[in-house]
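Listing of upload-v1.cif, mmCIF, C-alpha atoms
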```
data_input
#
loop_
_atom_site.group_PDB
_atom_site.id
_atom_site.type_symbol
_atom_site.label_atom_id
_atom_site.label_comp_id
_atom_site.auth_asym_id
_atom_site.auth_seq_id
_atom_site.Cartn_x
_atom_site.Cartn_y
_atom_site.Cartn_z
ATOM 1 C CA MET N 670 21.158 -5.941 2.209
ATOM 2 C CA SER N 671 18.635 -7.156 -0.345
ATOM 3 C CA LEU N 672 15.673 -9.456 0.272
ATOM 4 C CA GLU N 673 17.341 -12.011 -1.974
ATOM 5 C CA MET N 674 20.609 -12.002 -0.010
ATOM 6 C CA ARG N 675 18.793 -12.441 3.288
ATOM 7 C CA ALA N 676 16.784 -15.320 1.851
ATOM 8 C CA ALA N 677 19.892 -16.949 0.359
ATOM 9 C CA LEU N 678 21.706 -16.855 3.703
ATOM 10 C CA LEU N 679 18.674 -18.210 5.547
ATOM 11 C CA LYS N 680 18.317 -21.038 3.023
ATOM 12 C CA ALA N 681 22.010 -21.884 3.344
ATOM 13 C CA ALA N 682 21.844 -21.924 7.141
ATOM 14 C CA LYS N 683 18.614 -23.916 7.167
ATOM 15 C CA ARG N 684 20.067 -26.727 5.043
ATOM 16 C CA SER N 685 22.139 -27.773 8.074
ATOM 17 C CA PRO N 686 23.714 -25.761 10.897
ATOM 18 C CA ALA N 687 27.000 -24.445 9.579
ATOM 19 C CA GLY N 688 29.907 -22.254 10.548
ATOM 20 C CA VAL N 689 30.840 -19.043 8.766
ATOM 21 C CA GLY N 690 33.388 -20.715 6.491
ATOM 22 C CA GLU N 691 30.933 -23.358 5.330
ATOM 23 C CA LEU N 692 28.211 -20.717 4.703
ATOM 24 C CA ALA N 693 30.683 -18.645 2.672
ATOM 25 C CA ARG N 694 31.401 -21.709 0.555
ATOM 26 C CA ARG N 695 27.696 -22.470 0.085
ATOM 27 C CA LEU N 696 26.994 -18.882 -0.976
ATOM 28 C CA HIS N 697 30.191 -18.421 -3.011
ATOM 29 C CA ARG N 698 30.987 -15.276 -1.025
ATOM 30 C CA ARG N 699 34.047 -14.078 0.826
ATOM 31 C CA THR N 700 34.131 -14.974 4.540
ATOM 32 C CA GLU N 701 34.336 -11.344 5.718
ATOM 33 C CA VAL N 702 31.227 -10.502 3.648
ATOM 34 C CA VAL N 703 29.297 -13.384 5.214
ATOM 35 C CA VAL N 704 30.448 -12.399 8.722
ATOM 36 C CA SER N 705 29.055 -8.928 8.152
ATOM 37 C CA LEU N 706 25.754 -10.307 6.761
ATOM 38 C CA ILE N 707 25.352 -12.663 9.707
ATOM 39 C CA ARG N 708 25.959 -9.842 12.186
ATOM 40 C CA GLU N 709 23.318 -7.698 10.502
ATOM 41 C CA MET N 710 20.758 -10.502 10.326
ATOM 42 C CA ALA N 711 21.419 -11.533 13.935
ATOM 43 C CA GLU N 712 20.645 -7.942 14.964
ATOM 44 C CA GLU N 713 17.402 -8.193 13.000
ATOM 45 C CA GLY N 714 16.553 -11.405 14.861
ATOM 46 C CA LEU N 715 16.641 -13.569 11.728
ATOM 47 C CA LEU N 716 19.704 -15.668 12.579
ATOM 48 C CA GLU N 717 21.247 -16.885 15.800
ATOM 49 C CA ARG N 718 24.755 -17.969 16.586
ATOM 50 C CA ARG N 719 25.332 -20.815 19.002
ATOM 51 C CA THR N 720 28.444 -22.695 19.949
ATOM 52 C CA GLU N 721 28.857 -26.435 19.743
ATOM 53 C CA LYS N 722 31.603 -28.290 21.555
ATOM 54 C CA ARG N 723 33.555 -30.814 19.511
ATOM 55 C CA GLY N 724 34.697 -33.354 22.090
ATOM 56 C CA LYS N 725 36.780 -32.391 25.090
ATOM 57 C CA ARG N 726 39.554 -30.700 23.161
ATOM 58 C CA GLY N 727 39.686 -27.772 20.758
ATOM 59 C CA ARG N 728 37.727 -24.557 20.443
ATOM 60 C CA PRO N 729 33.918 -24.804 20.369
ATOM 61 C CA ARG N 730 32.472 -24.367 16.885
ATOM 62 C CA ALA N 731 30.185 -21.383 16.190
ATOM 63 C CA LEU N 732 27.135 -22.472 14.214
ATOM 64 C CA VAL N 733 24.587 -20.246 12.523
ATOM 65 C CA THR N 734 20.897 -21.231 12.354
ATOM 66 C CA PRO N 735 17.678 -19.394 11.424
ATOM 67 C CA THR N 736 15.530 -18.177 14.328
ATOM 68 C CA PRO N 737 11.745 -18.770 14.263
ATOM 69 C CA LEU N 738 11.485 -15.242 12.827
ATOM 70 C CA GLY N 739 14.036 -16.208 10.183
ATOM 71 C CA GLU N 740 11.926 -19.264 9.311
ATOM 72 C CA ASP N 741 8.864 -17.000 8.957
ATOM 73 C CA TYR N 742 10.893 -14.665 6.742
ATOM 74 C CA LEU N 743 11.877 -17.546 4.512
ATOM 75 C CA ASP N 744 8.267 -18.782 4.251
ATOM 76 C CA ALA N 745 7.096 -15.294 3.347
ATOM 77 C CA TYR N 746 9.905 -14.924 0.821
ATOM 78 C CA ARG N 747 8.875 -18.185 -0.847
ATOM 79 C CA ALA N 748 5.289 -16.941 -0.978
ATOM 80 C CA LEU N 749 6.591 -13.750 -2.568
ATOM 81 C CA GLU N 750 8.491 -15.752 -5.141
ATOM 82 C CA LEU N 751 5.147 -17.244 -6.158
ATOM 83 C CA LYS N 752 3.564 -13.771 -6.368
ATOM 84 C CA PRO N 753 6.162 -11.706 -8.189
ATOM 85 C CA LEU N 754 5.806 -8.006 -8.781
ATOM 86 C CA ARG N 755 3.671 -7.097 -11.758
ATOM 87 C CA SER N 756 5.743 -4.081 -12.655
ATOM 88 C CA ARG N 757 9.174 -3.825 -14.171
ATOM 89 C CA ARG N 758 12.027 -2.068 -12.430
ATOM 90 C CA THR N 759 11.860 0.794 -14.940
ATOM 91 C CA ASP N 760 8.120 1.285 -14.186
ATOM 92 C CA LEU N 761 8.842 1.648 -10.491
ATOM 93 C CA VAL N 762 11.833 3.920 -10.960
ATOM 94 C CA ARG N 763 9.713 6.213 -13.134
ATOM 95 C CA ALA N 764 6.892 6.139 -10.565
ATOM 96 C CA ALA N 765 9.342 7.159 -7.833
ATOM 97 C CA GLY N 766 10.367 10.107 -10.015
ATOM 98 C CA ASP N 767 6.705 11.047 -10.493
ATOM 99 C CA GLY N 768 6.181 10.989 -6.723
ATOM 100 C CA GLU N 769 9.194 13.237 -6.188
ATOM 101 C CA TYR N 770 7.912 15.574 -8.919
ATOM 102 C CA ALA N 771 4.580 15.901 -7.082
ATOM 103 C CA ALA N 772 6.502 16.683 -3.892
ATOM 104 C CA ARG N 773 8.424 19.457 -5.687
ATOM 105 C CA LEU N 774 5.179 20.961 -7.015
ATOM 106 C CA GLU N 775 3.746 20.976 -3.517
ATOM 107 C CA ALA N 776 6.906 22.598 -2.152
ATOM 108 C CA ARG N 777 6.404 25.390 -4.707
ATOM 109 C CA GLY N 778 2.905 26.000 -3.390
ATOM 110 C CA LEU N 779 1.035 24.185 -6.166
ATOM 111 C CA SER N 780 -1.711 21.709 -5.345
ATOM 112 C CA PRO N 781 -1.136 18.227 -6.800
ATOM 113 C CA PHE N 782 -4.839 17.563 -6.236
ATOM 114 C CA ASP N 783 -5.876 20.553 -8.365
ATOM 115 C CA LEU N 784 -3.496 19.405 -11.105
ATOM 116 C CA PHE N 785 -4.969 15.927 -10.848
ATOM 117 C CA MET N 786 -8.461 17.374 -11.330
ATOM 118 C CA GLU N 787 -7.298 19.423 -14.329
ATOM 119 C CA LEU N 788 -5.749 16.324 -15.851
ATOM 120 C CA ASN N 789 -8.900 14.272 -15.223
ATOM 121 C CA SER N 790 -11.065 16.920 -16.829
ATOM 122 C CA LEU N 791 -8.764 17.185 -19.823
ATOM 123 C CA VAL N 792 -8.848 13.417 -20.391
ATOM 124 C CA GLY N 793 -12.631 13.458 -19.954
ATOM 125 C CA ARG N 794 -12.967 16.156 -22.629
ATOM 126 C CA VAL N 795 -10.681 14.281 -25.029
ATOM 127 C CA GLU N 796 -12.676 11.065 -24.507
ATOM 128 C CA LYS N 797 -15.963 12.925 -25.035
ATOM 129 C CA GLY N 798 -14.598 14.503 -28.201
ATOM 130 C CA SER N 799 -13.529 11.178 -29.629
ATOM 131 C CA THR N 800 -16.953 9.504 -29.205
ATOM 132 C CA MET Q 1047 -10.796 22.173 -12.791
ATOM 133 C CA SER Q 1048 -13.889 20.956 -14.638
ATOM 134 C CA ASP Q 1049 -17.069 22.423 -13.195
ATOM 135 C CA ALA Q 1050 -18.950 19.136 -13.599
ATOM 136 C CA LEU Q 1051 -16.332 17.111 -11.760
ATOM 137 C CA ARG Q 1052 -15.979 19.763 -9.068
ATOM 138 C CA LYS Q 1053 -19.748 19.827 -8.618
ATOM 139 C CA ALA Q 1054 -20.012 16.032 -8.435
ATOM 140 C CA LEU Q 1055 -17.267 15.884 -5.851
ATOM 141 C CA ARG Q 1056 -18.802 18.687 -3.796
ATOM 142 C CA SER Q 1057 -22.209 16.942 -3.847
ATOM 143 C CA VAL Q 1058 -21.025 13.549 -2.713
ATOM 144 C CA ILE Q 1059 -18.712 14.947 -0.025
ATOM 145 C CA SER Q 1060 -21.508 17.185 1.292
ATOM 146 C CA PHE Q 1061 -23.785 14.155 1.395
ATOM 147 C CA LEU Q 1062 -21.222 12.098 3.314
ATOM 148 C CA GLU Q 1063 -20.432 14.910 5.750
ATOM 149 C CA GLY Q 1064 -24.118 15.201 6.560
ATOM 150 C CA ALA Q 1065 -24.844 11.475 6.586
ATOM 151 C CA GLY Q 1066 -23.344 10.842 9.992
ATOM 152 C CA VAL Q 1067 -21.219 7.900 8.831
ATOM 153 C CA ASP Q 1068 -17.482 7.451 9.140
ATOM 154 C CA TYR Q 1069 -15.993 7.667 5.683
ATOM 155 C CA MET Q 1070 -12.752 8.393 3.890
ATOM 156 C CA VAL Q 1071 -11.762 8.873 0.269
ATOM 157 C CA ILE Q 1072 -9.491 6.066 -0.920
ATOM 158 C CA GLY Q 1073 -7.932 5.037 -4.259
ATOM 159 C CA GLY Q 1074 -7.129 7.363 -7.144
ATOM 160 C CA PHE Q 1075 -8.617 10.525 -5.611
ATOM 161 C CA ALA Q 1076 -6.415 10.054 -2.516
ATOM 162 C CA LEU Q 1077 -3.259 9.457 -4.548
ATOM 163 C CA PRO Q 1078 -2.387 13.087 -5.417
ATOM 164 C CA PHE Q 1079 -2.090 13.879 -1.707
ATOM 165 C CA TYR Q 1080 0.589 11.256 -1.176
ATOM 166 C CA GLY Q 1081 2.089 10.116 -4.458
ATOM 167 C CA ARG Q 1082 2.113 10.795 -8.188
ATOM 168 C CA ILE Q 1083 -0.484 12.616 -10.257
ATOM 169 C CA ARG Q 1084 -2.420 10.415 -12.665
ATOM 170 C CA THR Q 1085 -5.951 10.224 -13.978
ATOM 171 C CA THR Q 1086 -8.679 7.983 -12.632
ATOM 172 C CA ILE Q 1087 -12.203 7.270 -13.770
ATOM 173 C CA ASP Q 1088 -14.134 6.804 -10.558
ATOM 174 C CA LEU Q 1089 -14.288 7.929 -6.973
ATOM 175 C CA ASP Q 1090 -13.649 5.300 -4.285
ATOM 176 C CA VAL Q 1091 -14.883 5.894 -0.753
ATOM 177 C CA ALA Q 1092 -14.614 3.620 2.285
ATOM 178 C CA VAL Q 1093 -17.676 3.818 4.537
ATOM 179 C CA ALA Q 1094 -18.291 2.203 7.905
ATOM 180 C CA LEU Q 1095 -21.624 0.473 7.346
ATOM 181 C CA ARG Q 1096 -21.513 -2.449 9.748
ATOM 182 C CA THR Q 1097 -25.006 -3.932 9.604
ATOM 183 C CA PRO Q 1098 -27.507 -4.650 6.822
ATOM 184 C CA ALA Q 1099 -29.833 -2.078 8.402
ATOM 185 C CA GLU Q 1100 -27.132 0.638 8.247
ATOM 186 C CA PHE Q 1101 -26.431 -0.335 4.656
ATOM 187 C CA GLU Q 1102 -30.108 -0.188 3.628
ATOM 188 C CA ASP Q 1103 -30.548 3.162 5.331
ATOM 189 C CA PHE Q 1104 -27.473 4.552 3.558
ATOM 190 C CA LEU Q 1105 -28.702 3.202 0.231
ATOM 191 C CA ARG Q 1106 -32.116 4.850 0.684
ATOM 192 C CA ARG Q 1107 -30.551 8.187 1.529
ATOM 193 C CA MET Q 1108 -28.160 8.026 -1.434
ATOM 194 C CA GLU Q 1109 -31.042 7.347 -3.803
ATOM 195 C CA ALA Q 1110 -33.068 10.149 -2.274
ATOM 196 C CA ALA Q 1111 -30.091 12.443 -2.896
ATOM 197 C CA GLY Q 1112 -30.162 11.594 -6.613
ATOM 198 C CA TYR Q 1113 -27.677 8.752 -6.871
ATOM 199 C CA GLU Q 1114 -28.553 5.568 -8.716
ATOM 200 C CA HIS Q 1115 -27.540 2.292 -7.077
ATOM 201 C CA THR Q 1116 -26.109 0.252 -9.942
ATOM 202 C CA LEU Q 1117 -24.218 -2.620 -8.322
ATOM 203 C CA GLY Q 1118 -23.539 -4.456 -5.059
ATOM 204 C CA SER Q 1119 -25.267 -5.412 -1.837
ATOM 205 C CA PHE Q 1120 -24.318 -5.578 1.837
ATOM 206 C CA LYS Q 1121 -22.726 -8.965 1.162
ATOM 207 C CA ASP Q 1122 -20.290 -7.462 -1.339
ATOM 208 C CA PRO Q 1123 -17.142 -5.572 -0.331
ATOM 209 C CA GLU Q 1124 -18.246 -2.621 -2.470
ATOM 210 C CA CYS Q 1125 -21.332 -1.152 -4.080
ATOM 211 C CA VAL Q 1126 -21.507 1.304 -6.944
ATOM 212 C CA PHE Q 1127 -23.603 4.442 -7.326
ATOM 213 C CA LEU Q 1128 -23.958 6.683 -10.335
ATOM 214 C CA ASP Q 1129 -24.301 10.444 -10.091
ATOM 215 C CA ARG Q 1130 -27.032 10.777 -12.718
ATOM 216 C CA GLU Q 1131 -26.295 14.445 -13.289
ATOM 217 C CA THR Q 1132 -22.576 14.176 -14.044
ATOM 218 C CA GLY Q 1133 -22.090 10.494 -14.842
ATOM 219 C CA LEU Q 1134 -19.471 10.116 -12.112
ATOM 220 C CA GLU Q 1135 -19.343 6.595 -10.671
ATOM 221 C CA ILE Q 1136 -18.816 6.343 -6.943
ATOM 222 C CA GLU Q 1137 -17.682 3.061 -5.422
ATOM 223 C CA PHE Q 1138 -18.486 2.686 -1.739
ATOM 224 C CA TRP Q 1139 -16.340 0.118 0.029
ATOM 225 C CA THR Q 1140 -17.640 -1.409 3.227
ATOM 226 C CA ARG Q 1141 -14.743 -3.875 3.236
ATOM 227 C CA PRO Q 1142 -11.840 -2.267 1.361
ATOM 228 C CA ASP Q 1143 -9.068 -4.715 0.448
ATOM 229 C CA GLY Q 1144 -6.547 -5.155 3.241
ATOM 230 C CA VAL Q 1145 -7.887 -2.278 5.344
ATOM 231 C CA GLU Q 1146 -9.672 -2.783 8.653
ATOM 232 C CA LEU Q 1147 -12.306 -0.089 9.078
ATOM 233 C CA ASP Q 1148 -11.570 0.168 12.791
ATOM 234 C CA ALA Q 1149 -11.152 3.100 15.165
ATOM 235 C CA GLU Q 1150 -7.400 3.318 14.516
ATOM 236 C CA THR Q 1151 -7.826 3.541 10.747
ATOM 237 C CA PHE Q 1152 -10.409 6.304 11.050
ATOM 238 C CA ALA Q 1153 -8.317 8.120 13.671
ATOM 239 C CA ARG Q 1154 -5.438 8.191 11.172
ATOM 240 C CA ARG Q 1155 -7.366 9.511 8.189
ATOM 241 C CA ARG Q 1156 -6.446 13.048 7.111
ATOM 242 C CA ARG Q 1157 -8.563 16.126 6.550
ATOM 243 C CA ARG Q 1158 -7.748 17.439 3.078
ATOM 244 C CA ARG Q 1159 -9.114 19.982 0.626
ATOM 245 C CA LEU Q 1160 -10.552 18.343 -2.485
ATOM 246 C CA GLY Q 1161 -11.056 21.302 -4.763
ATOM 247 C CA ASP Q 1162 -13.432 23.555 -2.886
ATOM 248 C CA VAL Q 1163 -14.558 21.101 -0.200
ATOM 249 C CA GLU Q 1164 -12.820 19.526 2.766
ATOM 250 C CA ALA Q 1165 -13.061 15.780 3.174
ATOM 251 C CA TRP Q 1166 -11.587 12.839 5.037
ATOM 252 C CA VAL Q 1167 -8.862 11.025 3.110
ATOM 253 C CA ILE Q 1168 -7.327 7.650 4.010
ATOM 254 C CA SER Q 1169 -3.909 7.798 5.724
ATOM 255 C CA PRO Q 1170 -0.927 7.227 3.411
ATOM 256 C CA GLU Q 1171 -0.014 4.010 5.239
ATOM 257 C CA ASP Q 1172 -3.493 2.511 4.807
ATOM 258 C CA PHE Q 1173 -3.522 3.770 1.219
ATOM 259 C CA VAL Q 1174 -0.388 1.719 0.507
ATOM 260 C CA VAL Q 1175 -1.794 -1.432 2.131
ATOM 261 C CA ASN Q 1176 -5.113 -1.049 0.317
ATOM 262 C CA LYS Q 1177 -3.368 -0.761 -3.047
ATOM 263 C CA LEU Q 1178 -1.191 -3.828 -2.506
ATOM 264 C CA ALA Q 1179 -3.962 -6.000 -1.031
ATOM 265 C CA ARG Q 1180 -6.154 -5.782 -4.124
ATOM 266 C CA PRO Q 1181 -6.740 -9.292 -5.477
ATOM 267 C CA ASP Q 1182 -6.304 -7.872 -8.983
ATOM 268 C CA ARG Q 1183 -3.229 -5.799 -8.051
ATOM 269 C CA GLY Q 1184 -1.663 -4.518 -11.231
ATOM 270 C CA VAL Q 1185 1.265 -2.484 -12.503
ATOM 271 C CA GLU Q 1186 -0.481 0.845 -11.822
ATOM 272 C CA ASP Q 1187 -1.147 -0.107 -8.182
ATOM 273 C CA GLU Q 1188 2.502 -0.958 -7.620
ATOM 274 C CA LYS Q 1189 3.573 2.271 -9.312
ATOM 275 C CA ASP Q 1190 1.172 4.228 -7.082
ATOM 276 C CA VAL Q 1191 2.753 2.645 -4.015
ATOM 277 C CA LYS Q 1192 6.287 3.341 -5.222
ATOM 278 C CA SER Q 1193 5.409 6.988 -5.828
ATOM 279 C CA VAL Q 1194 4.064 7.304 -2.267
ATOM 280 C CA LEU Q 1195 7.197 5.718 -0.800
ATOM 281 C CA ALA Q 1196 9.357 8.140 -2.800
ATOM 282 C CA ARG Q 1197 7.313 11.242 -1.966
ATOM 283 C CA LEU Q 1198 6.702 10.570 1.732
ATOM 284 C CA ARG Q 1199 9.876 8.663 2.518
ATOM 285 C CA ASP Q 1200 10.583 10.550 5.769
ATOM 286 C CA SER Q 1201 7.066 11.025 7.048
ATOM 287 C CA LEU Q 1202 5.440 7.591 6.865
ATOM 288 C CA ASP Q 1203 4.726 5.854 10.154
ATOM 289 C CA GLU Q 1204 6.868 2.817 9.423
ATOM 290 C CA ASP Q 1205 5.818 0.794 12.473
ATOM 291 C CA TYR Q 1206 2.144 1.209 11.665
ATOM 292 C CA LEU Q 1207 2.733 0.495 7.984
ATOM 293 C CA GLU Q 1208 4.665 -2.683 8.800
ATOM 294 C CA ARG Q 1209 1.984 -3.909 11.222
ATOM 295 C CA ARG Q 1210 -0.869 -3.273 8.805
ATOM 296 C CA ALA Q 1211 1.031 -4.640 5.793
ATOM 297 C CA LYS Q 1212 1.838 -7.826 7.702
ATOM 298 C CA ASN Q 1213 -1.794 -8.221 8.762
ATOM 299 C CA ALA Q 1214 -2.864 -7.857 5.138
ATOM 300 C CA GLY Q 1215 -0.168 -10.275 3.884
ATOM 301 C CA VAL Q 1216 1.529 -7.664 1.687
ATOM 302 C CA TRP Q 1217 4.649 -6.899 3.721
ATOM 303 C CA MET Q 1218 7.042 -8.778 1.464
ATOM 304 C CA ILE Q 1219 5.604 -7.225 -1.688
ATOM 305 C CA LEU Q 1220 5.957 -3.813 -0.072
ATOM 306 C CA ARG Q 1221 9.592 -4.527 0.829
ATOM 307 C CA ALA Q 1222 10.289 -5.663 -2.717
ATOM 308 C CA ILE Q 1223 8.813 -2.459 -4.175
ATOM 309 C CA ASP Q 1224 10.664 -0.324 -1.659
ATOM 310 C CA GLU Q 1225 14.004 -1.892 -2.497
ATOM 311 C CA VAL Q 1226 13.795 -1.111 -6.213
ATOM 312 C CA SER Q 1227 16.041 1.848 -6.996
#
```
Could you rewrite the structure in this file as structure tokens?
Amino acid sequence: MSLEMRAALLKAAKRSPAGVGELARRLHRRTEVVVSLIREMAEEGLLERRTEKRGKRGRPRALVTPTPLGEDYLDAYRALELKPLRSRRTDLVRAAGDGEYAARLEARGLSPFDLFMELNSLVGRVEKGST
Amino acid sequence: MSDALRKALRSVISFLEGAGVDYMVIGGFALPFYGRIRTTIDLDVAVALRTPAEFEDFLRRMEAAGYEHTLGSFKDPECVFLDRETGLEIEFWTRPDGVELDAETFARRRRRRLGDVEAWVISPEDFVVNKLARPDRGVEDEKDVKSVLARLRDSLDEDYLERRAKNAGVWMILRAIDEVS
């Protein structure tokens, strides 16, 4: 589950305690999807389910609310929204590939540090040559 | 490997090993051990200098060893020295961004071979936190972190990383970078 989905569910539940059906409506998601999300987030300690009796008759209503940890998560997420990533998705995907490439070199017995030093020296020589 | 760079590295590491201070290589020179391979222009080292007297003593010994103090005082998080012979700039961090220089951090540093010398290198978890906690965090820092997460996916101490990232206020940024695929 993504950070955004967790935050969206927490925001929806924080607006006012709601049952699964109401949360599904607020999030424009299918009920079974929201049930699964709630289960996962309850296991993570972000949401809690409590029952509320509606008068003397009828089944008690199950309401979903954020836990204190869920509130902290939401605060941190809002702070993150104010400090977005500097890099683009493509930058990070390429960087992940570069990290895996270094791992493959190491697995073949090559030293990424020695290659780093070679690269540094090469750039140093090019810079010296251009001044 | 360039002889000049190798020599500069050997000199400063030998100095630190003999100086009797806790230290560890951080930043770009630590990156090839954990993440991608890219160039960098200076050497960053975290040193445990906890009092002005320790700092002054360190400064005197660095200058006696041929390094020129060009920037920074005990009040600053870092100070800069120049290796006059090779032109290599060395940044010594007494308060590296986001990293507590406590016993746990030093216990987790790794012994690694930097060319022809062995040196202490920051742990990958503290490396990640340090990169993300920089006030001027940029694209390259985030890419460095992503490359470490990709390369060391199964060997990072996730509990320690989470605790330290939360302490440094970078946990959410780290999660966001980790989730990009």
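Taking CA of Tyr1113 in chain Q and CA of Leu1128 in chain Q as endpoints, the distance between them is 5.5 Å.
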Picked residues, the PyMOL selection byres ((chain Q and resi 1195-1210) around 10), expected as number ranges by chain: N: 762, 764-773; Q: 1079-1082, 1144-1146, 1151, 1169-1176, 1189-1194, 1211-1218, 1220-1221, 1223-1224
Please return, as a VMD selection string, all residues of chain N lying within 9 Å of chain Q when all atoms listed in the file are considered. chain N and resid 671 to 672 742 745 to 746 748 to 749 752 to 758 760 to 772 780 to 793
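The interatomic distance for the pair CA of Ala1094 in chain Q and CA of Glu1109 in chain Q works out to 18.1 Å.
As for CA of Ser685 in chain N and CA of Glu712 in chain N, they are spaced 21.0 Å apart.
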Spell out the residues picked by the PyMOL selection byres ((chain Q and resi 1131) around 12) here, as a list in words. Ala1050, Leu1051, Lys1053, Ala1054, Leu1055, Ser1057, Val1058, Ala1111, Gly1112, Tyr1113, Glu1114, Phe1127, Leu1128, Asp1129, Arg1130, Thr1132, Gly1133, Leu1134 and Glu1135 of chain Q
Contacts of Phe1104 in chain Q within 12 Å, only C-alpha atoms, excl. fewer than 2 positions in-chain, as JSON, numbers by chain: {"Q": [1061, 1062, 1064, 1065, 1066, 1067, 1068, 1093, 1094, 1095, 1096, 1097, 1098, 1099, 1100, 1101, 1102, 1106, 1107, 1108, 1109, 1110, 1111, 1113, 1115, 1119, 1120, 1125, 1127, 1138, 1140]}
Using only the atoms of range 1202-1219 of chain Q listed in the file, plus 3 Å on each side, state the axis-aligned box centre and edge lengths in Å rounded to one decimal, as JSON.
```
{"center_x": 2.1, "center_y": -1.3, "center_z": 5.4, "size_x": 15.9, "size_y": 23.9, "size_z": 20.2}
```
Check which residues satisfy the PyMOL selection byres ((chain N and resi 693) around 12) in the file shown, then give them as a PyMOL selection string. chain N and resi 677-678+681-682+687-692+694-707+733
Residue contacts of Leu715 in chain N (7 Å, all atoms listed in the file) excluding same-chain residues fewer than 4 positions away, as a short mmCIF file (atom, residue, chain, number, x, y, z; two decimals) with C-alpha atoms, keeping the file's coordinate frame:
```cif
data_model
loop_
_atom_site.label_atom_id
_atom_site.label_comp_id
_atom_site.auth_asym_id
_atom_site.auth_seq_id
_atom_site.Cartn_x
_atom_site.Cartn_y
_atom_site.Cartn_z
CA MET N 710 20.76 -10.50 10.33
CA ALA N 711 21.42 -11.53 13.94
CA PRO N 735 17.68 -19.39 11.42
CA THR N 736 15.53 -18.18 14.33
CA LEU N 738 11.48 -15.24 12.83
CA GLY N 739 14.04 -16.21 10.18
#
```
Residue contacts of Arg730 in chain N (8 Å, all atoms listed in the file) excluding same-chain residues fewer than 2 positions away, as a list in words: Gly688, Thr720, Glu721, Lys722, Arg723, Arg728 and Leu732 of chain N
